[in-house]
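Since the structure comes first, as structure tokens, the remarks are kept for the end.
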Amino acid sequence: MPEIFINGQSVQAEVDQTVMQAAVDHGISIPYFCWHPALSIAGNCRICAVQVEGRSWVEIACNMPVSEGLRILTDSEQVRAYRKEMMQLVTLNHPVDCGICDKAGECTLQDYHYKYNGSPSVSREPKVRSTKFHALSERVVLDNERCILCSRCVRFTREISKSNALGITQRGDTSLVRAAEDHPLDDDPYSDNVIDICPVGALLSRPFLYKARVWYLEPTPSVCPGCARGCTIQIWHRKPEWKLNALDPRKNVSIERITPLENPAVNGPWICNKGRDLARIFERPRAEQAMQNGKPVELSAAIAAAGRLIEDAKHPVAVVSNWGSNEELAAFEQTLGRRFATFVKQDWSPQSGERLDDDLLIRADKNPNTAAARALFPPLVDAAAAFDAATDLVLIWGEGFDFARLPARARTIVLDAYARQEHEHADVFIPVSIQTERRGHYTNFQGVVSAFEPCFPKKASVADAETLFAAMVSAGMPA
Ligand code: SF4
Ligand code: SF4
Ligand code: FES
């Protein structure tokens with residue numbers, strides 16, 4: 001392990017590391033725009049310049065290999081002067097757009113301007129005007145005036161998603177990032193990662209455009225349930241202290257955007273576009289009213305009725321959800337696992353047009369917790385084999401069950417979070433909470449366990465599956 005010295009501080013670097021990597025690993029700050037830990041080195045922004053002690057010039061840290069005894073200065077007078085000049089160059093044609101830019105509040109260019117430059121432009125030339133609101137795809141919009149040509153987005157589509165959907169055309173200050181005509185960015189299921197890695201507000205999300213200022217939002221750590229990869233994510237929603245009282249109050253409990261939560265064990269710094277669109281899954285019409293034979297009842301009455309059905313059943317079968325958390329599945333197993341013949345169903349199947357799987361993240365199993373559910377119970381391969389003439393009660397938990405496969409005379413208890421016509425035919429229907437209303441864990445297909453936290457309150461009329469099964473058992477016991 002080569003020992004290097006950064007500002008006099010001893011740093012044990014890895015062999016083959018660059019000065020930038022060694023500095024980042026040890027919490028030492030060197031500014032960068034074009035460098036990204038998961039991408040190749042472009043070395044074009046020059047903001048990462050540092051000085052080797054004893055030399056009279058500066059060099060870029062992102063492309064400087066470490067060597068035993070190397071002594072680096074990151075904040076010498078020469079480095080500071082060079083950085084200030086580089087910031088002048090980078091902002092030469094950048095518009096003063098921050099007031100209307102979605103990136104404001106989390107923009108590296110803004111931060112570095114105040115940290116390393118802070119002066120008005122020294123140029124007397126008018127700024128070069130370029131395309132604004134250029135639609136790169138249905139999901140991504142580009143403002144060429146804000147682009148600093150770091151090429152991170154281009155390298156992402158070449159090296160990570162491998163769609164080759166972006167390139168840079170023309171030269172000098174007329175250079176433009178553009179989508180390739182024969183590889184549309186729309187066909188790249190990872191396209192929105194370029195929005196995250198763009199260090200400025202050049203690439204923005206069309207669905208999120210002008211929807212919220214980021215300082216009114218806060219992230220809650222969660223897990224994407226879109227496939228068995230279980231990417232860790234941040235669900236962004238309105239801060240309670242910025243609650244809207246006059247405008248649409250649903251904005252206070254809605255998902256504003258979803259971004260990756262970096263996780264080397266699962267998804268690295270990336271997620272796919274389905275993960276960005278989880279509001280489409282979570283914000284579907286909810287089931288919030290308990291029912292008995294299609295008639296609304298109090299939640300407690302439905303729980304008691306379900307308990308009685310369980311108590312009376314001789315041959316009950318349960319079909320459990322692979323969207324249930326580890327805690328909920330364990331609660332079912334401990335309270336009802338011995339009483340029911342239990343099978344795991346597939347709550348979600350691949351949708352039409354959806355990418356089935358690939359070598360990056362996307363998995364063919366479109367459910368988050370199949371691994372944990374199957375560790376406890378066998379899969380429901382064929383409903384005909386799971387039910388027989390003796391089956392007198394079926395408990396169905398979650399989505400994806402074909403109600404036409406129910407045995408004719410069996411009573412039914414249905415637990416679901418989303419509205420569905422078939423619920424009215426259940427003997428007992430109990431609405432349950434969704435992932436954004438509770439905490440828990442999923443186990444992904446590799447056995448990695450990830451946690452999710454609640455971001456919105458659950459309605460009182462809705463049950464939590466983790467405590468529901470025990471409540472049903474005790475409500476059904478003879479007095
Ligand atoms: S659009 Fe953003 S990521 Fe792409 S080159 Fe320009 S500044 Fe870099
Ligand atoms: S790869 Fe799977 S888990 Fe990851 S964001 Fe996409 S759908 Fe969600
Ligand atoms: S970060 Fe090193 S040149 Fe851009």
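How things are named: the first chain in the structure tokens is A, the next is B, and so on; residues count from 1 in each chain; ligands count from 1 in the order shown.
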
### Message
With only C-alpha atoms as the counted atoms, please give the residues lying no more than 8 Å from range 441-458 of chain A, apart from itself and same-chain residues fewer than 3 positions off, as a ChimeraX atom specification.
### Response
/A:220-223,228-230,232,235,237,253,265-266,325-327,368-372,433,435-438,462

### Task
Pick out the residues no farther than 6 Å from ligand 3, counting only C-alpha atoms and all ligand atoms, and list them as a PyMOL selection string.
chain A and resi 32-35+43-48+60-62

Dump as a PDB file, in the first residue's frame, selection limited to N, CA, C and O atoms:
ATOM      1  N   TYR A  32     -14.539  18.209  -8.038  1.00  0.00           N
ATOM      2  CA  TYR A  32     -14.579  17.551  -9.353  1.00  0.00           C
ATOM      3  C   TYR A  32     -15.933  17.753 -10.007  1.00  0.00           C
ATOM      4  O   TYR A  32     -16.950  17.854  -9.328  1.00  0.00           O
ATOM      5  N   PHE A  33     -15.917  17.861 -11.318  1.00  0.00           N
ATOM      6  CA  PHE A  33     -17.143  17.863 -12.124  1.00  0.00           C
ATOM      7  C   PHE A  33     -17.212  16.600 -12.990  1.00  0.00           C
ATOM      8  O   PHE A  33     -18.175  15.876 -12.963  1.00  0.00           O
ATOM      9  N   CYS A  34     -16.158  16.371 -13.798  1.00  0.00           N
ATOM     10  CA  CYS A  34     -16.244  15.296 -14.795  1.00  0.00           C
ATOM     11  C   CYS A  34     -15.929  13.937 -14.204  1.00  0.00           C
ATOM     12  O   CYS A  34     -16.394  12.925 -14.702  1.00  0.00           O
ATOM     13  N   TRP A  35     -15.154  13.888 -13.120  1.00  0.00           N
ATOM     14  CA  TRP A  35     -14.826  12.588 -12.516  1.00  0.00           C
ATOM     15  C   TRP A  35     -16.064  12.011 -11.842  1.00  0.00           C
ATOM     16  O   TRP A  35     -16.867  12.737 -11.252  1.00  0.00           O
ATOM     17  N   GLY A  43     -11.089  13.690 -17.572  1.00  0.00           N
ATOM     18  CA  GLY A  43     -10.058  14.713 -17.339  1.00  0.00           C
ATOM     19  C   GLY A  43     -10.294  16.000 -18.101  1.00  0.00           C
ATOM     20  O   GLY A  43      -9.340  16.642 -18.538  1.00  0.00           O
ATOM     21  N   ASN A  44     -11.555  16.385 -18.285  1.00  0.00           N
ATOM     22  CA  ASN A  44     -11.787  17.562 -19.125  1.00  0.00           C
ATOM     23  C   ASN A  44     -12.178  18.826 -18.365  1.00  0.00           C
ATOM     24  O   ASN A  44     -12.155  19.906 -18.931  1.00  0.00           O
ATOM     25  N   CYS A  45     -12.556  18.720 -17.096  1.00  0.00           N
ATOM     26  CA  CYS A  45     -13.054  19.935 -16.432  1.00  0.00           C
ATOM     27  C   CYS A  45     -11.917  20.707 -15.733  1.00  0.00           C
ATOM     28  O   CYS A  45     -12.056  21.892 -15.473  1.00  0.00           O
ATOM     29  N   ARG A  46     -10.849  20.004 -15.371  1.00  0.00           N
ATOM     30  CA  ARG A  46      -9.622  20.576 -14.789  1.00  0.00           C
ATOM     31  C   ARG A  46      -9.824  21.234 -13.418  1.00  0.00           C
ATOM     32  O   ARG A  46      -8.906  21.876 -12.913  1.00  0.00           O
ATOM     33  N   ILE A  47     -10.996  21.068 -12.818  1.00  0.00           N
ATOM     34  CA  ILE A  47     -11.232  21.739 -11.535  1.00  0.00           C
ATOM     35  C   ILE A  47     -10.535  20.994 -10.387  1.00  0.00           C
ATOM     36  O   ILE A  47     -10.372  21.526  -9.301  1.00  0.00           O
ATOM     37  N   CYS A  48     -10.121  19.736 -10.655  1.00  0.00           N
ATOM     38  CA  CYS A  48      -9.548  18.918  -9.586  1.00  0.00           C
ATOM     39  C   CYS A  48      -8.036  19.135  -9.461  1.00  0.00           C
ATOM     40  O   CYS A  48      -7.351  18.331  -8.837  1.00  0.00           O
ATOM     41  N   ILE A  60      -4.022  17.435 -12.703  1.00  0.00           N
ATOM     42  CA  ILE A  60      -5.345  16.995 -12.261  1.00  0.00           C
ATOM     43  C   ILE A  60      -5.233  15.732 -11.397  1.00  0.00           C
ATOM     44  O   ILE A  60      -4.548  14.775 -11.750  1.00  0.00           O
ATOM     45  N   ALA A  61      -5.964  15.763 -10.268  1.00  0.00           N
ATOM     46  CA  ALA A  61      -5.889  14.669  -9.297  1.00  0.00           C
ATOM     47  C   ALA A  61      -6.623  13.427  -9.784  1.00  0.00           C
ATOM     48  O   ALA A  61      -6.298  12.312  -9.387  1.00  0.00           O
ATOM     49  N   CYS A  62      -7.640  13.610 -10.644  1.00  0.00           N
ATOM     50  CA  CYS A  62      -8.454  12.457 -11.041  1.00  0.00           C
ATOM     51  C   CYS A  62      -7.692  11.527 -11.965  1.00  0.00           C
ATOM     52  O   CYS A  62      -8.094  10.388 -12.163  1.00  0.00           O
TER      53      CYS A  62
END

### Task
Name each residue within 6 Å of ligand 2, counting only C-alpha atoms and all ligand atoms, as a list in words.
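Within the 6 Å cut-off, the matching residues are Cys224, Pro225, Gly226, Cys227, Arg229, Gly230, Cys231, Ile271, Cys272, Lys274, Gly275, Leu361 and Ile362 of chain A.
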
Output N, CA, C and O atoms of each residue in that selection to a file, as a CSV table (one decimal), in the first residue's frame.
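In the end it all went to again.csv:
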chain,number,residue,atom,x,y,z
A,224,CYS,N,-36.7,-0.4,-3.5
A,224,CYS,CA,-37.6,-0.5,-4.7
A,224,CYS,C,-38.2,-1.9,-4.7
A,224,CYS,O,-37.5,-2.9,-4.7
A,225,PRO,N,-39.6,-2.0,-4.8
A,225,PRO,CA,-40.2,-3.3,-4.9
A,225,PRO,C,-40.4,-3.8,-6.3
A,225,PRO,O,-41.1,-4.8,-6.5
A,226,GLY,N,-39.8,-3.0,-7.3
A,226,GLY,CA,-40.1,-3.3,-8.7
A,226,GLY,C,-39.5,-4.6,-9.2
A,226,GLY,O,-40.0,-5.1,-10.2
A,227,CYS,N,-38.5,-5.1,-8.6
A,227,CYS,CA,-38.0,-6.4,-9.0
A,227,CYS,C,-37.2,-7.0,-7.8
A,227,CYS,O,-36.9,-6.3,-6.8
A,229,ARG,N,-34.1,-7.4,-7.4
A,229,ARG,CA,-32.9,-6.8,-7.1
A,229,ARG,C,-33.0,-6.0,-5.8
A,229,ARG,O,-32.1,-6.0,-5.0
A,230,GLY,N,-34.2,-5.3,-5.6
A,230,GLY,CA,-34.4,-4.6,-4.3
A,230,GLY,C,-33.4,-3.4,-4.2
A,230,GLY,O,-32.8,-3.2,-3.1
A,231,CYS,N,-33.3,-2.6,-5.2
A,231,CYS,CA,-32.4,-1.4,-5.1
A,231,CYS,C,-32.8,-0.5,-4.0
A,231,CYS,O,-34.0,-0.3,-3.8
A,271,ILE,N,-30.3,3.2,-10.3
A,271,ILE,CA,-31.6,2.5,-10.3
A,271,ILE,C,-32.1,2.5,-11.7
A,271,ILE,O,-31.6,3.3,-12.6
A,272,CYS,N,-33.1,1.7,-12.0
A,272,CYS,CA,-33.7,1.8,-13.4
A,272,CYS,C,-34.9,2.7,-13.3
A,272,CYS,O,-35.3,3.2,-12.3
A,274,LYS,N,-38.0,2.2,-13.8
A,274,LYS,CA,-39.2,1.7,-13.1
A,274,LYS,C,-39.1,2.2,-11.7
A,274,LYS,O,-40.1,2.5,-11.1
A,275,GLY,N,-37.9,2.1,-11.1
A,275,GLY,CA,-37.7,2.6,-9.7
A,275,GLY,C,-38.1,4.0,-9.5
A,275,GLY,O,-38.6,4.5,-8.5
A,361,LEU,N,-29.0,-4.4,-13.6
A,361,LEU,CA,-29.8,-4.5,-12.3
A,361,LEU,C,-31.1,-5.3,-12.5
A,361,LEU,O,-31.5,-6.0,-11.6
A,362,ILE,N,-31.8,-5.1,-13.6
A,362,ILE,CA,-33.2,-5.6,-13.7
A,362,ILE,C,-33.3,-7.1,-13.7
A,362,ILE,O,-32.6,-7.8,-14.4

Per-residue nearest contacts chain A to ligand 1, cut-off 6 Å, using only C-alpha atoms and all ligand atoms, as a tab-separated table:
residue	atom	partner	partner_atom_place_in_ligand_line	distance
A:Cys147	CA	ligand 1	6 (Fe)	3.7
A:Ile148	CA	ligand 1	7 (S)	4.3
A:Leu149	CA	ligand 1	5 (S)	3.8
A:Cys150	CA	ligand 1	8 (Fe)	3.9
A:Ser151	CA	ligand 1	5 (S)	3.8
A:Arg152	CA	ligand 1	3 (S)	4.5
A:Cys153	CA	ligand 1	3 (S)	4.3
A:Cys198	CA	ligand 1	3 (S)	3.6
A:Pro199	CA	ligand 1	7 (S)	5.9
A:Val200	CA	ligand 1	7 (S)	5.7
A:Ala202	CA	ligand 1	1 (S)	4.9
A:Leu203	CA	ligand 1	1 (S)	5.3

#### Entry: Residue list (strand (DSSP E or B), DSSP) for range 249-453 of chain A, as JSON, numbers by chain
{"A": [257, 258, 259, 260, 263, 268, 286, 291, 292, 295, 296, 316, 317, 318, 319, 320, 341, 342, 343, 344, 379, 393, 394, 395, 396, 397, 411, 412, 413, 414, 415, 416, 418, 428, 429, 430, 431, 432, 440, 441, 442, 443, 449, 450, 451, 452]}

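Between CA of Thr412 in chain A and CA of Glu298 in chain A lies a distance of 17.8 Å.
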
### Query
Hey, what's within 10 Å of Glu399 in chain A if we count only C-alpha atoms and toss same-chain stuff fewer than 4 positions away? As a list in words, please?
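In the requested format, the answer is Val320, Ser321, Asn322, Trp323, Lys345, Gln346, Asp347, Trp348, Val414, Leu415, Asp416, Ala417, Tyr418 and Arg420 of chain A.
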
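Checking A:Val344, A:Ile160, A:Ala408, A:Ala23 one by one against Pro379 in chain A, counting only C-alpha atoms, you find the shortest gap at A:Val344.
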
I'd like the neighbourhood of Ala179 in chain A as a CSV table (one decimal) with all heavy atoms, in the first residue's frame, where a residue qualifies if any of its atoms comes within 9 Å (using only C-alpha atoms), though same-chain residues fewer than 5 positions away should be ignored.
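The result, stored in out-v1.csv:
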chain,number,residue,atom,x,y,z
A,136,LEU,N,-34.5,15.3,-24.8
A,136,LEU,CA,-33.6,14.2,-25.2
A,136,LEU,C,-34.4,12.9,-25.3
A,136,LEU,O,-34.1,12.0,-26.0
A,136,LEU,CB,-32.5,14.0,-24.2
A,136,LEU,CG,-31.3,15.0,-24.3
A,136,LEU,CD1,-30.3,14.6,-23.2
A,136,LEU,CD2,-30.6,14.9,-25.6
A,137,SER,N,-35.5,12.9,-24.6
A,137,SER,CA,-36.4,11.7,-24.6
A,137,SER,C,-37.7,12.1,-23.9
A,137,SER,O,-37.9,13.3,-23.6
A,137,SER,CB,-35.8,10.6,-23.8
A,137,SER,OG,-35.8,10.8,-22.4
A,164,ASN,N,-25.5,3.6,-25.6
A,164,ASN,CA,-24.8,4.5,-26.5
A,164,ASN,C,-25.8,5.6,-27.1
A,164,ASN,O,-25.7,6.0,-28.2
A,164,ASN,CB,-24.2,3.8,-27.7
A,164,ASN,CG,-23.0,2.9,-27.3
A,164,ASN,OD1,-22.1,3.4,-26.7
A,164,ASN,ND2,-23.1,1.6,-27.6
A,165,ALA,N,-26.7,6.0,-26.2
A,165,ALA,CA,-27.8,6.9,-26.6
A,165,ALA,C,-27.4,8.3,-26.7
A,165,ALA,O,-28.1,9.1,-27.3
A,165,ALA,CB,-29.0,6.7,-25.7
A,166,LEU,N,-26.2,8.7,-26.1
A,166,LEU,CA,-25.8,10.1,-26.1
A,166,LEU,C,-24.4,10.3,-26.7
A,166,LEU,O,-23.6,9.5,-26.5
A,166,LEU,CB,-25.9,10.7,-24.6
A,166,LEU,CG,-27.3,10.7,-24.0
A,166,LEU,CD1,-27.1,11.2,-22.5
A,166,LEU,CD2,-28.3,11.6,-24.8
A,167,GLY,N,-24.3,11.5,-27.3
A,167,GLY,CA,-22.9,11.8,-27.8
A,167,GLY,C,-22.8,13.4,-27.8
A,167,GLY,O,-23.8,14.1,-27.4
A,168,ILE,N,-21.6,13.9,-28.1
A,168,ILE,CA,-21.4,15.3,-28.2
A,168,ILE,C,-21.1,15.7,-29.7
A,168,ILE,O,-20.2,15.0,-30.3
A,168,ILE,CB,-20.3,15.8,-27.3
A,168,ILE,CG1,-20.7,15.5,-25.8
A,168,ILE,CG2,-20.0,17.2,-27.5
A,168,ILE,CD1,-19.6,15.8,-24.8
A,184,PRO,N,-32.3,5.6,-29.5
A,184,PRO,CA,-33.0,6.7,-28.7
A,184,PRO,C,-32.8,6.5,-27.2
A,184,PRO,O,-32.8,5.3,-26.7
A,184,PRO,CB,-34.5,6.4,-29.1
A,184,PRO,CG,-34.4,5.5,-30.2
A,184,PRO,CD,-33.1,4.8,-30.3
A,185,LEU,N,-32.7,7.6,-26.5
A,185,LEU,CA,-32.6,7.5,-25.0
A,185,LEU,C,-33.9,6.9,-24.4
A,185,LEU,O,-33.8,6.4,-23.4
A,185,LEU,CB,-32.3,8.9,-24.5
A,185,LEU,CG,-31.9,9.0,-23.0
A,185,LEU,CD1,-30.6,8.3,-22.8
A,185,LEU,CD2,-31.8,10.5,-22.6

### Message
Please return, as a PyMOL selection string, all residues of range 121-248 of chain A that DSSP assigns to helix (DSSP H, G or I) on the basis of the backbone.
### Response
chain A and resi 152-159+172-174+185-187+193-197+214-216+240-242

Within 7 Å of range 93-102 of chain A, which residues of range 189-296 of chain A come that close, and what is the closest atom pair and distance in Å for each? Count only C-alpha atoms and give it as a tab-separated table.
residue	atom	partner	partner_atom	distance
A:Gly201	CA	A:Cys101	CA	6.3
A:Leu209	CA	A:Asp102	CA	6.8
A:Tyr210	CA	A:Asp102	CA	6.4
A:Arg213	CA	A:Asp102	CA	6.7

## Note on the structure
From CA of Asn293 in chain A to CA of Ala389 in chain A the spacing works out at 22.3 Å

### Nearest to Ala135 in chain A, chosen from A:Thr74, A:Ala386, A:Arg158, A:Arg206, with only C-alpha atoms counted in the distances
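Checking each of A:Thr74, A:Ala386, A:Arg158, A:Arg206 against Ala135 in chain A, counting only C-alpha atoms, the winner is A:Arg206.
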
### Task
Tell me which of A:Arg257, A:His134, A:His315, A:Arg83 sits closest to Gly118 in chain A, counting only C-alpha atoms.
A:Arg83

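Between CA of Tyr114 in chain A and CA of Val50 in chain A the interatomic distance comes to 19.0 Å.
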
### Query
With only C-alpha atoms as the atoms that count, which of A:Ile434, A:Met472, A:Ala375, A:Ala384 lies nearest to Asp402 in chain A?
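The closest residue to Asp402 in chain A is A:Ala384.
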